[in-house]
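One file, query36.txt, is given below (compact mmCIF, C-alpha atoms).
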# COMPACT_ATOMS: atom_id res chain seq x y z
CA MET A 62 0.00 0.00 0.00
CA SER A 63 1.39 3.42 -0.89
CA THR A 64 2.00 6.11 1.74
CA THR A 65 -0.70 8.29 0.18
CA ALA A 66 -3.26 5.49 0.22
CA TYR A 67 -2.39 4.67 3.81
CA ARG A 68 -2.80 8.28 4.96
CA SER A 69 -6.16 8.52 3.21
CA THR A 70 -7.55 5.82 5.46
CA ARG A 71 -6.53 7.38 8.76
CA PRO A 72 -9.35 9.93 9.21
CA ALA A 73 -11.99 7.22 8.79
CA GLU A 74 -10.33 5.08 11.45
CA LYS A 75 -10.15 7.96 13.92
CA THR A 76 -13.81 8.88 13.58
CA GLU A 77 -15.50 5.55 13.14
CA THR A 78 -16.74 5.32 16.74
CA ALA A 79 -18.00 8.87 16.62
CA SER A 80 -20.09 8.14 13.54
CA VAL A 81 -22.20 5.45 15.24
CA PRO A 82 -25.84 6.22 14.38
CA VAL A 83 -28.18 7.16 17.19
CA LEU A 84 -30.79 4.54 18.09
CA SER A 85 -33.75 6.57 16.91
CA ALA A 86 -36.47 3.95 16.86
CA LEU A 87 -37.26 0.71 18.62
CA PRO A 88 -39.85 -2.00 17.97
CA PRO A 89 -43.24 -0.99 19.45
CA ASP A 90 -43.19 -3.80 22.04
CA ILE A 91 -39.90 -2.65 23.60
CA SER A 92 -39.97 0.43 25.76
CA ILE A 93 -37.13 2.23 27.52
CA ASP A 94 -37.40 4.70 30.34
CA SER A 95 -35.20 7.47 28.99
CA SER A 96 -34.85 8.96 32.47
CA THR A 97 -33.03 5.85 33.66
CA PRO A 98 -29.87 5.22 31.64
CA ALA A 99 -28.09 1.90 31.70
CA ARG A 100 -25.95 1.97 34.84
CA LYS A 101 -23.00 0.19 33.28
CA ARG A 102 -22.11 -1.79 30.24
CA HIS A 103 -22.39 -5.53 30.46
CA ASP A 104 -20.02 -8.01 28.94
CA ALA A 105 -21.12 -9.73 25.76
CA ASP A 106 -23.96 -12.10 26.67
CA LYS A 107 -22.75 -15.39 25.32
CA GLY A 108 -25.31 -18.14 25.16
CA ILE A 109 -28.39 -16.13 26.23
CA GLY A 110 -30.04 -16.61 22.85
CA SER A 111 -33.33 -18.39 22.57
CA LEU A 112 -34.06 -21.76 21.09
CA ASN A 113 -34.58 -21.60 17.36
CA SER A 114 -38.20 -20.51 17.17
CA LYS A 115 -38.74 -22.55 14.02
CA LEU A 116 -37.87 -25.72 15.95
CA ASN A 117 -39.74 -24.77 19.12
CA TRP A 118 -42.96 -26.46 18.03
CA LEU A 119 -41.05 -29.56 16.93
CA ARG A 120 -39.38 -29.91 20.32
CA ALA A 121 -42.72 -29.54 22.09
CA ALA A 122 -44.37 -32.02 19.74
CA VAL A 123 -41.72 -34.71 20.17
CA LEU A 124 -41.68 -34.37 23.95
CA GLY A 125 -45.48 -34.22 24.11
CA ALA A 126 -45.93 -37.39 22.07
CA ASN A 127 -43.30 -39.20 24.12
CA ASP A 128 -44.95 -38.21 27.41
CA GLY A 129 -48.37 -39.17 26.06
CA ILE A 130 -47.22 -42.64 25.12
CA ILE A 131 -45.35 -43.38 28.35
CA SER A 132 -47.82 -41.90 30.83
CA THR A 133 -50.94 -43.36 29.23
CA ALA A 134 -49.29 -46.74 28.74
CA GLY A 135 -48.42 -46.71 32.42
CA ILE A 136 -52.00 -45.85 33.39
CA VAL A 137 -53.74 -48.48 31.27
CA MET A 138 -51.16 -51.13 32.15
CA GLY A 139 -51.64 -50.38 35.84
CA VAL A 140 -55.41 -50.66 35.54
CA ALA A 141 -55.07 -53.80 33.41
CA GLY A 142 -53.07 -55.35 36.22
CA ALA A 143 -56.01 -54.83 38.56
CA THR A 144 -59.05 -55.49 36.32
CA VAL A 145 -60.04 -56.82 32.92
CA ASP A 146 -63.09 -54.56 32.65
CA ARG A 147 -62.87 -52.71 29.32
CA SER A 148 -64.92 -49.70 30.46
CA SER A 149 -62.64 -49.16 33.45
CA LEU A 150 -59.62 -49.24 31.16
CA LEU A 151 -61.23 -46.74 28.78
CA ILE A 152 -62.28 -44.33 31.54
CA ALA A 153 -58.85 -44.42 33.18
CA GLY A 154 -57.07 -43.97 29.86
CA LEU A 155 -59.28 -41.08 28.74
CA ALA A 156 -58.92 -39.34 32.10
CA GLY A 157 -55.15 -39.64 31.88
CA LEU A 158 -55.20 -38.42 28.27
CA VAL A 159 -57.24 -35.28 29.00
CA ALA A 160 -55.39 -34.42 32.19
CA GLY A 161 -52.00 -34.98 30.60
CA ALA A 162 -52.77 -33.01 27.45
CA LEU A 163 -54.02 -30.00 29.43
CA SER A 164 -51.06 -30.22 31.80
CA MET A 165 -48.58 -30.35 28.93
CA ALA A 166 -50.23 -27.40 27.18
CA GLY A 167 -50.29 -25.31 30.35
CA GLY A 168 -46.72 -26.15 31.22
CA GLU A 169 -45.43 -25.30 27.74
CA TYR A 170 -47.37 -22.02 27.70
CA VAL A 171 -45.99 -20.89 31.05
CA SER A 172 -42.45 -22.01 30.23
CA VAL A 173 -42.25 -20.45 26.79
CA SER A 174 -43.99 -17.28 27.99
CA SER A 175 -41.22 -16.90 30.58
CA GLN A 176 -38.65 -17.40 27.82
CA ARG A 177 -40.37 -14.74 25.72
CA ASP A 178 -40.33 -12.30 28.66
CA ILE A 179 -36.60 -12.90 29.10
CA GLU A 180 -35.99 -12.27 25.40
CA LYS A 181 -37.84 -8.96 25.56
CA ALA A 182 -36.02 -7.95 28.74
CA VAL A 183 -32.55 -8.55 27.29
CA MET A 184 -33.59 -6.76 24.11
CA ALA A 185 -34.67 -3.72 26.14
CA LYS A 186 -31.38 -3.81 28.04
CA GLU A 187 -29.41 -4.02 24.80
CA ALA A 188 -31.39 -1.10 23.37
CA ALA A 189 -30.57 1.00 26.44
CA GLU A 190 -26.89 0.23 26.08
CA LEU A 191 -26.95 1.15 22.41
CA ARG A 192 -28.50 4.45 23.39
CA ASP A 193 -26.05 5.20 26.20
CA PHE A 194 -22.83 3.57 24.95
CA PRO A 195 -22.96 3.52 21.13
CA GLY A 196 -19.19 3.57 20.63
CA GLU A 197 -18.52 0.77 23.09
CA GLU A 198 -21.32 -1.31 21.60
CA LEU A 199 -19.83 -0.90 18.13
CA GLU A 200 -16.49 -2.16 19.43
CA GLU A 201 -18.24 -5.08 21.09
CA LEU A 202 -20.00 -6.04 17.85
CA ALA A 203 -16.75 -5.82 15.93
CA LYS A 204 -15.07 -8.09 18.49
CA ILE A 205 -17.85 -10.67 18.12
CA TYR A 206 -17.19 -10.93 14.39
CA SER A 207 -13.46 -10.85 14.94
CA ASP A 208 -13.76 -13.79 17.36
CA LYS A 209 -15.66 -15.67 14.64
CA GLY A 210 -12.62 -15.50 12.39
CA LEU A 211 -12.87 -12.23 10.46
CA SER A 212 -9.85 -9.99 10.29
CA GLU A 213 -10.01 -6.96 12.56
CA GLY A 214 -10.51 -4.53 9.70
CA THR A 215 -13.22 -6.63 8.08
CA ALA A 216 -14.95 -7.19 11.43
CA ARG A 217 -15.04 -3.45 12.10
CA GLN A 218 -16.38 -2.77 8.62
CA VAL A 219 -19.11 -5.37 9.04
CA ALA A 220 -20.02 -3.95 12.45
CA ARG A 221 -20.23 -0.40 11.07
CA GLU A 222 -22.43 -1.39 8.13
CA LEU A 223 -24.79 -3.51 10.22
CA THR A 224 -25.05 -0.79 12.85
CA ALA A 225 -25.78 1.81 10.22
CA ARG A 226 -28.68 -0.28 8.95
CA ASP A 227 -30.25 -1.43 12.24
CA PRO A 228 -28.11 -1.36 15.42
CA LEU A 229 -30.59 -3.23 17.64
CA ARG A 230 -31.10 -6.03 15.15
CA ALA A 231 -27.36 -6.33 14.56
CA HIS A 232 -26.67 -6.85 18.26
CA ALA A 233 -29.75 -8.99 18.86
CA GLU A 234 -28.75 -11.53 16.23
CA ALA A 235 -24.98 -11.54 16.74
CA GLU A 236 -24.76 -11.13 20.51
CA LEU A 237 -28.05 -12.50 21.86
CA GLY A 238 -29.13 -14.98 19.19
CA ILE A 239 -32.60 -13.39 19.02
CA ASP A 240 -34.61 -12.47 15.97
CA PRO A 241 -36.43 -9.26 17.02
CA ASP A 242 -39.20 -9.98 14.51
CA GLU A 243 -39.85 -13.52 15.72
CA TYR A 244 -39.90 -14.14 19.45
CA THR A 245 -40.70 -17.62 20.68
CA ASN A 246 -44.45 -18.19 20.60
CA PRO A 247 -46.02 -19.81 23.70
CA TRP A 248 -49.26 -20.61 21.87
CA HIS A 249 -47.45 -22.59 19.20
CA ALA A 250 -45.59 -24.62 21.81
CA ALA A 251 -48.73 -25.21 23.89
CA PHE A 252 -50.82 -26.35 20.93
CA ALA A 253 -48.06 -28.58 19.54
CA SER A 254 -47.48 -30.19 22.93
CA MET A 255 -51.18 -30.77 23.62
CA SER A 256 -51.87 -32.21 20.16
CA ALA A 257 -48.81 -34.45 20.23
CA PHE A 258 -49.62 -35.70 23.74
CA THR A 259 -53.13 -36.61 22.60
CA VAL A 260 -51.88 -38.50 19.55
CA GLY A 261 -49.23 -40.28 21.60
CA ALA A 262 -51.66 -41.21 24.34
CA LEU A 263 -54.08 -42.75 21.84
CA VAL A 264 -51.48 -45.35 20.83
CA PRO A 265 -51.49 -47.43 24.05
CA LEU A 266 -55.10 -46.55 24.86
CA LEU A 267 -56.53 -47.87 21.61
CA ALA A 268 -54.25 -50.89 21.70
CA MET A 269 -55.54 -51.74 25.17
CA VAL A 270 -59.29 -51.22 24.69
CA CYS A 271 -59.56 -52.48 21.10
CA SER A 272 -57.54 -55.69 21.45
CA PRO A 273 -58.97 -59.05 22.58
CA MET A 274 -58.71 -59.55 26.32
CA THR A 275 -56.25 -62.42 26.06
CA ILE A 276 -53.63 -60.41 24.16
CA ARG A 277 -54.42 -56.79 25.08
CA VAL A 278 -51.41 -56.45 27.37
CA TYR A 279 -49.02 -57.76 24.71
CA MET A 280 -50.60 -55.59 22.02
CA THR A 281 -50.22 -52.54 24.25
CA ILE A 282 -46.58 -53.31 24.91
CA ALA A 283 -45.91 -53.76 21.19
CA ALA A 284 -47.76 -50.59 20.23
CA THR A 285 -45.97 -48.63 22.93
CA ILE A 286 -42.55 -49.83 21.83
CA ILE A 287 -43.30 -48.85 18.22
CA GLY A 288 -44.50 -45.43 19.34
CA LEU A 289 -41.45 -44.88 21.52
CA PHE A 290 -39.21 -45.94 18.66
CA LEU A 291 -40.77 -43.27 16.46
CA THR A 292 -40.58 -40.51 19.08
CA GLY A 293 -36.99 -41.46 19.89
CA LEU A 294 -36.17 -41.27 16.21
CA GLY A 295 -37.89 -37.89 15.96
CA SER A 296 -35.93 -36.62 18.94
CA ALA A 297 -32.67 -37.79 17.38
CA LEU A 298 -33.49 -36.15 14.06
CA ALA A 299 -34.47 -32.89 15.76
CA SER A 300 -31.25 -32.76 17.79
CA GLY A 301 -29.02 -33.87 14.93
CA GLY A 302 -27.27 -36.39 17.17
CA GLY A 303 -26.97 -40.17 17.10
CA LYS A 304 -30.11 -42.26 16.76
CA ILE A 305 -29.39 -45.43 18.75
CA ARG A 306 -29.05 -43.89 22.20
CA PRO A 307 -32.25 -41.77 22.28
CA ILE A 308 -34.30 -44.59 20.77
CA ALA A 309 -32.95 -47.14 23.26
CA ARG A 310 -33.44 -44.71 26.14
CA ASN A 311 -37.04 -44.09 25.12
CA ILE A 312 -37.89 -47.77 24.85
CA ILE A 313 -36.18 -48.75 28.10
CA VAL A 314 -37.92 -46.01 30.08
CA GLY A 315 -41.28 -46.96 28.56
CA ILE A 316 -40.86 -50.66 29.32
CA CYS A 317 -39.81 -49.92 32.90
CA SER A 318 -42.81 -47.63 33.38
CA MET A 319 -45.28 -50.19 32.04
CA THR A 320 -43.75 -53.03 34.05
CA ILE A 321 -43.76 -51.16 37.36
CA THR A 322 -47.32 -49.84 36.99
CA TYR A 323 -48.64 -53.23 35.85
CA LEU A 324 -47.08 -54.96 38.86
CA ILE A 325 -48.45 -52.32 41.23
CA GLY A 326 -51.90 -52.60 39.67
CA HIS A 327 -51.79 -56.38 39.86
CA LEU A 328 -50.67 -56.29 43.50
CA VAL A 329 -53.37 -53.81 44.50
CA GLY A 330 -56.01 -55.64 42.48
CA THR A 331 -55.36 -58.94 44.21
CA GLN A 332 -55.45 -57.36 47.66
CA VAL A 333 -58.64 -55.31 47.24
In structure tokens, what does this structure look like?
Amino acid sequence: MSTTAYRSTRPAEKTETASVPVLSALPPDISIDSSTPARKRHDADKGIGSLNSKLNWLRAAVLGANDGIISTAGIVMGVAGATVDRSSLLIAGLAGLVAGALSMAGGEYVSVSSQRDIEKAVMAKEAAELRDFPGEELEELAKIYSDKGLSEGTARQVARELTARDPLRAHAEAELGIDPDEYTNPWHAAFASMSAFTVGALVPLLAMVCSPMTIRVYMTIAATIIGLFLTGLGSALASGGGKIRPIARNIIVGICSMTITYLIGHLVGTQV
């Protein structure tokens, strides 16, 4: 690089932190009390980002179906150990299905709502810091990209251009792992979990009440193992990890649950 070209770049380097744009507008659902500035800058929040919202419903669905299969299989197997009456099996299974589905939906809604509140809180905090410490926040963003492997000059250029376009979005995505236009949705998670639990619970319930009395226990065990195999496979595919361990874990837990509840039901049924 020539001496002239080198000198021509110096003014830009000296003034780049001073040219950070002011945070003039925020999303309507994030408010900042302008009378209370951020007390001090925080270090880069590594790992605070949310779960990928596009996979949130899939996680809830896989877990919901798995819980539906195991819990309902345990209920009907426990009742089957105490009685052979089909109506008793149906009533117990349906009661477990409804209670479990509503419980799963409520739990997912509360959990994901809390996650959404946290996302909005850290976004508001980040917005306050961009308002009060724009230069330091620019340096922080540049360091994030530099730590990812970009050269220092390229990282600073990327940080400047992203900040010029939308400073809050730039920091939300790079530092917090949050898409400001797509927070996690508690209703999606609740509906997915409830629906999946219901479908999963129907597998052992229908196998138990629709099979002949002499083989209903064996049919329920077989149906449950198949269902657990599928949910274990779905869990493995969703996580991107190995398939054998989650499938085996699912099946072993399900078999243990059915065995224990059947033995308890049989013991109680013979004593009452």
ask   = Suppose you want the space between CA of Met255 (chain A) and CA of Ala156 (chain A); what is it in Å?
value =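 Separating CA of Met255 (chain A) from CA of Ala156 (chain A) is a distance of 14.3 Å.
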key: Non-local contacts of Ile308 (chain A) (12 Å; all atoms listed in the file; under 6 positions in same chain excluded) as number ranges by chain   = A: 127, 286-298, 302, 314-315
Only C-alpha atoms, please: the residues just picked out, written as a PDB file, keeping the file's coordinate frame.
ATOM      1  CA  ASN A 127     -43.300 -39.200  24.120  1.00  0.00           C
ATOM      2  CA  ILE A 286     -42.550 -49.830  21.830  1.00  0.00           C
ATOM      3  CA  ILE A 287     -43.300 -48.850  18.220  1.00  0.00           C
ATOM      4  CA  GLY A 288     -44.500 -45.430  19.340  1.00  0.00           C
ATOM      5  CA  LEU A 289     -41.450 -44.880  21.520  1.00  0.00           C
ATOM      6  CA  PHE A 290     -39.210 -45.940  18.660  1.00  0.00           C
ATOM      7  CA  LEU A 291     -40.770 -43.270  16.460  1.00  0.00           C
ATOM      8  CA  THR A 292     -40.580 -40.510  19.080  1.00  0.00           C
ATOM      9  CA  GLY A 293     -36.990 -41.460  19.890  1.00  0.00           C
ATOM     10  CA  LEU A 294     -36.170 -41.270  16.210  1.00  0.00           C
ATOM     11  CA  GLY A 295     -37.890 -37.890  15.960  1.00  0.00           C
ATOM     12  CA  SER A 296     -35.930 -36.620  18.940  1.00  0.00           C
ATOM     13  CA  ALA A 297     -32.670 -37.790  17.380  1.00  0.00           C
ATOM     14  CA  LEU A 298     -33.490 -36.150  14.060  1.00  0.00           C
ATOM     15  CA  GLY A 302     -27.270 -36.390  17.170  1.00  0.00           C
ATOM     16  CA  VAL A 314     -37.920 -46.010  30.080  1.00  0.00           C
ATOM     17  CA  GLY A 315     -41.280 -46.960  28.560  1.00  0.00           C
TER      18      GLY A 315
END
message = as number ranges by chain, please: the residues near region 318-321 of chain A (cut-off 6 Å, all atoms listed in the file, same-chain neighbours under 3 positions excluded).
response = A: 135, 138, 315, 324
task = Excluding Asp146 (chain A) and any residue of its chain fewer than 2 positions from it, enumerate the residues within 12 Å of it, using all atoms listed in the file, and give them as a PyMOL selection string.
result = chain A and resi 137+140-144+148-153+269-270+273-274+277
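Here the question is which of A:Ala220, A:Pro241, A:Ala251, A:Lys186 gets nearest to Leu163 (chain A) using all atoms listed in the file, and that residue is A:Ala251.
As for CA of Leu124 (chain A) and CA of Pro247 (chain A), they are spaced 15.2 Å apart.
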